[in-house]
There are 2 protein chains.
Amino acid sequence: MAEPIGRRECIALDDADGLRALRDRFVIPDGVTYLDGNSLGALPRHVPERLKRVIEDEWGRGLIRSWNDAGWIGAARRTGARIAALIGADADEVTVADSTSVNLFKLLVAAMRANPGRNVLLTQHGNFPTDLYVAQGVAELVGAQLRHAGLDPASVLDALDDRVAVLALTHVDFRSGRILPMREITAAAHAAGALTLWDLSHSAGALHLDLGAASADLAVGCGYKYLNGGPGAPAYSFVARRLQQALRQPLTGWLGHADPFAFCEGYAPAPGIDRMQCGTPPMLSLLALESALDVFDGVDIAALRAKSVALSELFIRLADTTLEAHGFELLSPRDAPIRGSQVSLTHPQGYAIMQALIGRGIIGDFRAPDILRFGLAPLYVRFVDVFDTVEAIGSIMRGGEWNRPQHLSRKPVT
Amino acid sequence: MAEPIGRRECIALDDADGLRALRDRFVIPDGVTYLDGNSLGALPRHVPERLKRVIEDEWGRGLIRSWNDAGWIGAARRTGARIAALIGADADEVTVADSTSVNLFKLLVAAMRANPGRNVLLTQHGNFPTDLYVAQGVAELVGAQLRHAGLDPASVLDALDDRVAVLALTHVDFRSGRILPMREITAAAHAAGALTLWDLSHSAGALHLDLGAASADLAVGCGYKYLNGGPGAPAYSFVARRLQQALRQPLTGWLGHADPFAFCEGYAPAPGIDRMQCGTPPMLSLLALESALDVFDGVDIAALRAKSVALSELFIRLADTTLEAHGFELLSPRDAPIRGSQVSLTHPQGYAIMQALIGRGIIGDFRAPDILRFGLAPLYVRFVDVFDTVEAIGSIMRGGEWNRPQHLSRKPVT
């Protein structure tokens with residue numbers, strides 16, 4: 001058992017943190033400890049002013065002219081290029097459009113089409129629900145067989161064979177935070193003749209990613225978790241350049257056309273990543289995401305990852321000393337290199353405990369049946385936040401505070 | 001030839017207009033005459049303040065809690081219900097999600113599935129480009145035959161036979177503004193055993209629509225034209241209640257699940273219209289649309305349509321007297337009941353003439369090869385705007401102002 005660590009030492013850790021000034025780029029409400037940036041990232045401080053200009057000047061005064069004059073038409077590619085820099089992709093390999101679910105659909109159908117001699121869409125039990133649902137919808141639509149590997153990497157490798165057209169996985173498990181080895185799994189999939197599709201929703205913006213070095217084929221991810229793009233921010237899709245010309249996605253809307261302004265009758269896909277577009281993007285949400293990405297300006301992703309690891313190490317160390325006696329178990333891996341930017345605990349009374357925490361202004365989230373999930377967004381979470389959270393959980397358990405009617409009654413969880 | 005009509009008479013028409021106060025609900029920039037509300041609706045005056053609260057209070061301070069506490073989770077259905085009231089549908093028949101193109105895809109695949117003994121997807125030459133592109137993508141994906149009727153209603157009726165599963169049309173032609181007879185075509189499609197899918201993008205918010213009375217099956221429409229929801233505002237889909245339980249759309253994301261918060265592994269569609277949802281909606285854009293719809297509060301749609309007709313009648317009358325000599329031709333129908341809320345003219349120099357108009361602050365748009373399109377959004381366009389526009393065109397022609405280098409060089413058209 002490690003030495004106990006106190007609140008003053010955590011404040012000292014914050015004082016010594018080379019990234020501590022990044023927190024000032026965000027609005028963090030008074031009285032709130034926010035550990036749910038893996039569900040909805042905090043508001044970057046400069047975004048309200050930017051959106052005010054978008055709405056009042058670009059929409060209100062520029063009107064239709066803003067598609068050209070304010071550069072709306074280029075926003076999807078500009079934003080994609082900025083995300084590319086965060087995930088180890090090239091600028092022309094990423095674009096932003098639609099939701100994560102819709103992009104999963106596009107890329108899964110495209111991948112099945114690209115491998116016509118194979119009929120299996122391989123995914124994983126425990127994958128993020130919408131990933132599973134979309135995979136199910138795609139399999140039904142194209143007449144593919146949906147195969148589910150188990151949760152561990154070995155099971156995934158075992159499930160690869162010469163019938164698998166595409167392997168669709170989420171890089172960081174949303175429950176435990178476990179990281180799958182992207183490079184090894186991709187290499188194995190390629191050796192088996194399959195394409196890979198990685199969901200980076202719980203990775204990008206908090207972890208070091210290098211899609212290029214991993215020879216990744218396809219990826220998607222959402223804009224509103226660690227990328228802080230705002231509620232329901234549009235999602236991105238990545239297609240390795242070597243695959244772009246061959247891939248045909250089925251959502252053939254006007255913005256994916258080779259010449260969208262020609263208004264001709266027949267569809268011809270745009271060259272390159274632009275063919276992943278479909279309809280007109282929700283511009284207010286897209287421009288909020290584009291603007292939000294400014295918070296990454298000058299940020300060293302390796303340093304960000306190091307801070308994230310330090311935060312989760314601290315959390316686990318404190319939980320080991322404070323929470324073991326109260327029946328909590330650590331769901332997240334103890335091995336930092338395979339742990340994402342979150343710590344998940346389990347407890348039979350997890351729902352009520354999380355409600356009691358939220359009642360104290362400490363916001364994590366609960367995932368059925370018994371998971372308390374704490375996102376440690378390294379751009380704005382402090383070491384003292386981690387200390388206060390574990391202390392609060394201990395206090396809630398010692399005082400029986402969780403066992404109150406308002407904490408026990410279930411509300412919809414989002 | 002009608003009597004000449006002067007600017008003072010147009011101002012008098014505005015003074016007598018019972019809807020004139022509605023214009024004050026919008027921001028119309030000084031020096032701009034805006035006749036492009038059929039491409040991007042003007043900014044409702046109250047929307048900036050609403051979005052400021054959404055961003056600063058709901059996202060910034062409420063954070064993840066706003067999904068419940070600020071009612072984000074219900075926004076798609078609330079907004080759908082408000083649009084339903086504008087198109088003659090019931091509140092539980094419309095929801096808002098994704099783009100028009102994505103909703104076209106969902107409903108076309110669902111319709112093809114609902115009619116498995118039939119293999120033809122029938123649409124129309126001259127349909128809106130993205131409608132044609134999506135139909136092409138769907139036909140390829142499900143192995144259907146794409147059939148194109150001609151532009152006139154008789155050609156559509158002739159193309160119906162016992163192989164047609166679904167007939168997909170746009171209610172108001174984007175080029176000419178011609179209205180297709182929804183009730184008659186729907187009845188003929190039903191008699192032939194086909195479903196109908198209407199794109200209402202150029203109708204809703206400016207025309208009287210009654211999907212219920214027309215026995216319409218399916219419809220989609222965009223949120224950013226006459227509904228004024230902002231650039232790329234999310235789109236809506238309508239499914240008649242009688243069809244909802246049988247229709248299965250292929251974009252099976254988590255928000256269309258019967259129990260989206262259970263996070264279970266298998267997809268089961270939500271009952272009713274909610275199954276048309278897919279991923280997380282772009283909340284800033286969705287809430288802008290919801291808020292924008294306030295401008296319709298207390299507005300009698302029949303009166304709005306009557307004003308729209310009066311505006312277009314005035315436009316045509318003025319064009320007849322002023323523009324005939326300069327080589328313009330009227331593309332829109334002369335028959336008001338089959339003319340939407342726009343007037344389209346053709347001229348061989350249409351592109352340069354529109355550029356010259358825009359240079360004078362009069363904003364319509366150009367559609368290749370030779371169409372000048374003037375949207376007459378009756379919520380904010382005045383009779384004097386119509387007068388000034390036709391006068392300006394005449395002046396541009398008389399002075400040769402269109403024939404300048406900056407007007408002749410082509411830019412992307414949006």
# chains A, B, ... in the order shown; residues from 1 in each chain; ligands from 1
call {"tool": "interface_residues", "arguments": {"of": "chain B", "to": "chain A", "cutoff": "6 Å", "atoms": "only C-alpha atoms", "output": "NGL selection string"}}
result
:B and (29 or 40 or 43 or 60-61 or 64 or 99 or 101 or 129-130 or 133-134 or 137 or 231-233 or 250 or 252-254 or 263 or 265 or 267 or 279-285)
call {"tool": "select_by_dssp", "arguments": {"residues": "range 162-288 of chain A", "states": "helix (DSSP H, G or I)", "output": "MDAnalysis selection string"}}
result
chainID A and resid 182:191 241:244 254:256 272:276 283:288
call {"tool": "write_last_selection", "arguments": {"atoms": "N, CA and C atoms", "output": "CSV table (one decimal), in the first residue's frame"}}
result
chain,number,residue,atom,x,y,z
A,182,MET,N,-4.1,-0.8,-30.8
A,182,MET,CA,-4.6,-0.5,-32.2
A,182,MET,C,-3.6,-1.1,-33.2
A,183,ARG,N,-2.3,-0.9,-33.0
A,183,ARG,CA,-1.3,-1.3,-34.0
A,183,ARG,C,-1.3,-2.8,-34.2
A,184,GLU,N,-1.3,-3.6,-33.1
A,184,GLU,CA,-1.3,-5.0,-33.2
A,184,GLU,C,-2.5,-5.6,-33.8
A,185,ILE,N,-3.7,-5.1,-33.4
A,185,ILE,CA,-4.9,-5.6,-33.9
A,185,ILE,C,-5.1,-5.3,-35.4
A,186,THR,N,-4.7,-4.0,-35.7
A,186,THR,CA,-4.7,-3.7,-37.1
A,186,THR,C,-3.8,-4.6,-38.0
A,187,ALA,N,-2.6,-4.8,-37.5
A,187,ALA,CA,-1.7,-5.7,-38.2
A,187,ALA,C,-2.3,-7.1,-38.4
A,188,ALA,N,-2.9,-7.6,-37.3
A,188,ALA,CA,-3.5,-8.9,-37.4
A,188,ALA,C,-4.7,-8.9,-38.4
A,189,ALA,N,-5.5,-7.9,-38.4
A,189,ALA,CA,-6.6,-7.8,-39.3
A,189,ALA,C,-6.1,-7.7,-40.7
A,190,HIS,N,-5.1,-6.9,-41.0
A,190,HIS,CA,-4.5,-6.9,-42.3
A,190,HIS,C,-3.9,-8.2,-42.8
A,191,ALA,N,-3.3,-8.9,-41.9
A,191,ALA,CA,-2.7,-10.2,-42.2
A,191,ALA,C,-3.9,-11.2,-42.6
A,241,ARG,N,-5.6,7.6,-46.9
A,241,ARG,CA,-5.5,8.1,-48.2
A,241,ARG,C,-5.5,7.0,-49.3
A,242,ARG,N,-4.8,5.9,-48.9
A,242,ARG,CA,-4.7,4.8,-49.9
A,242,ARG,C,-6.0,4.2,-50.2
A,243,LEU,N,-7.0,4.4,-49.4
A,243,LEU,CA,-8.3,3.7,-49.6
A,243,LEU,C,-9.4,4.7,-50.1
A,244,GLN,N,-9.1,5.9,-50.1
A,244,GLN,CA,-10.2,6.9,-50.4
A,244,GLN,C,-10.8,6.7,-51.8
A,254,TRP,N,-25.7,15.6,-51.6
A,254,TRP,CA,-25.1,16.6,-52.5
A,254,TRP,C,-23.7,17.1,-52.1
A,255,LEU,N,-23.4,17.1,-50.8
A,255,LEU,CA,-22.1,17.7,-50.4
A,255,LEU,C,-20.9,16.7,-50.6
A,256,GLY,N,-21.3,15.4,-50.9
A,256,GLY,CA,-20.3,14.4,-51.2
A,256,GLY,C,-20.0,14.3,-52.7
A,272,GLY,N,-11.2,11.9,-52.9
A,272,GLY,CA,-10.7,12.1,-51.6
A,272,GLY,C,-11.7,12.0,-50.5
A,273,ILE,N,-11.4,12.6,-49.4
A,273,ILE,CA,-12.2,12.5,-48.1
A,273,ILE,C,-13.5,13.2,-48.3
A,274,ASP,N,-13.7,14.1,-49.2
A,274,ASP,CA,-14.9,14.9,-49.3
A,274,ASP,C,-16.1,14.0,-49.7
A,275,ARG,N,-15.8,12.8,-50.2
A,275,ARG,CA,-16.9,11.9,-50.5
A,275,ARG,C,-17.6,11.3,-49.3
A,276,MET,N,-17.0,11.6,-48.2
A,276,MET,CA,-17.7,11.1,-46.9
A,276,MET,C,-18.7,12.1,-46.4
A,283,MET,N,-24.4,24.1,-39.2
A,283,MET,CA,-23.2,25.0,-39.2
A,283,MET,C,-23.0,25.5,-37.9
A,284,LEU,N,-24.0,25.9,-37.1
A,284,LEU,CA,-23.7,26.4,-35.7
A,284,LEU,C,-22.9,25.4,-34.9
A,285,SER,N,-23.4,24.2,-34.9
A,285,SER,CA,-22.7,23.1,-34.2
A,285,SER,C,-21.3,22.9,-34.7
A,286,LEU,N,-21.2,22.9,-36.1
A,286,LEU,CA,-19.9,22.6,-36.7
A,286,LEU,C,-18.9,23.8,-36.4
A,287,LEU,N,-19.3,25.0,-36.4
A,287,LEU,CA,-18.4,26.1,-36.1
A,287,LEU,C,-18.1,26.2,-34.7
A,288,ALA,N,-19.0,25.7,-33.8
A,288,ALA,CA,-18.6,25.6,-32.4
A,288,ALA,C,-17.5,24.6,-32.2
call {"tool": "select_by_dssp", "arguments": {"residues": "range 51-272 of chain A", "states": "strand (DSSP E or B)", "output": "count of residues only"}}
result
38
call {"tool": "residues_around", "arguments": {"residues": "Gly205 in chain A", "least_positions_apart": "5", "cutoff": "8 Å", "atoms": "only C-alpha atoms", "output": "number ranges by chain"}}
result
A: 86, 226-227, 301
call {"tool": "write_last_selection", "arguments": {"atoms": "N, CA and C atoms", "output": "compact mmCIF listing (two decimals), in the first residue's frame"}}
result
# COMPACT_ATOMS: atom_id res chain seq x y z
N LEU A 86 -4.63 15.77 -34.21
CA LEU A 86 -4.74 15.19 -32.86
C LEU A 86 -4.74 13.67 -32.86
N TYR A 226 -13.92 14.60 -25.42
CA TYR A 226 -12.65 15.28 -25.12
C TYR A 226 -12.31 16.38 -26.12
N LEU A 227 -13.07 16.46 -27.22
CA LEU A 227 -12.83 17.55 -28.18
C LEU A 227 -13.64 18.80 -27.84
N ILE A 301 0.52 16.79 -27.04
CA ILE A 301 -0.38 15.68 -26.72
C ILE A 301 0.31 14.66 -25.81
call {"tool": "closest_residue", "arguments": {"among": "A:Ser203, A:Thr389, A:Ser155, A:Gln342", "to": "Arg7 in chain A", "atoms": "only C-alpha atoms"}}
result
A:Thr389
call {"tool": "atom_distance", "arguments": {"atom1": "CA of Thr79 in chain A", "atom2": "CA of Ser308 in chain A"}}
result
24.3 Å
call {"tool": "residues_around", "arguments": {"residues": "Ala306 in chain A", "least_positions_apart": "5", "cutoff": "9 Å", "atoms": "only C-alpha atoms", "output": "ChimeraX atom specification"}}
result
/A:207,301,311,378
call {"tool": "atom_distance", "arguments": {"atom1": "CA of Leu160 in chain A", "atom2": "CA of Ala214 in chain A"}}
result
17.8 Å
call {"tool": "atom_distance", "arguments": {"atom1": "CA of Arg118 in chain A", "atom2": "CA of Met112 in chain B"}}
result
25.2 Å
call {"tool": "residues_around", "arguments": {"residues": "Arg317 in chain A", "least_positions_apart": "3", "cutoff": "12 Å", "atoms": "only C-alpha atoms", "output": "number ranges by chain"}}
result
A: 1-6, 310-314, 320-324, 330, 334, 343, 386-387, 390
call {"tool": "closest_residue", "arguments": {"among": "A:Leu345, A:Ala240, A:Tyr380, A:Gln355", "to": "Pro405 in chain A", "atoms": "only C-alpha atoms"}}
result
A:Gln355
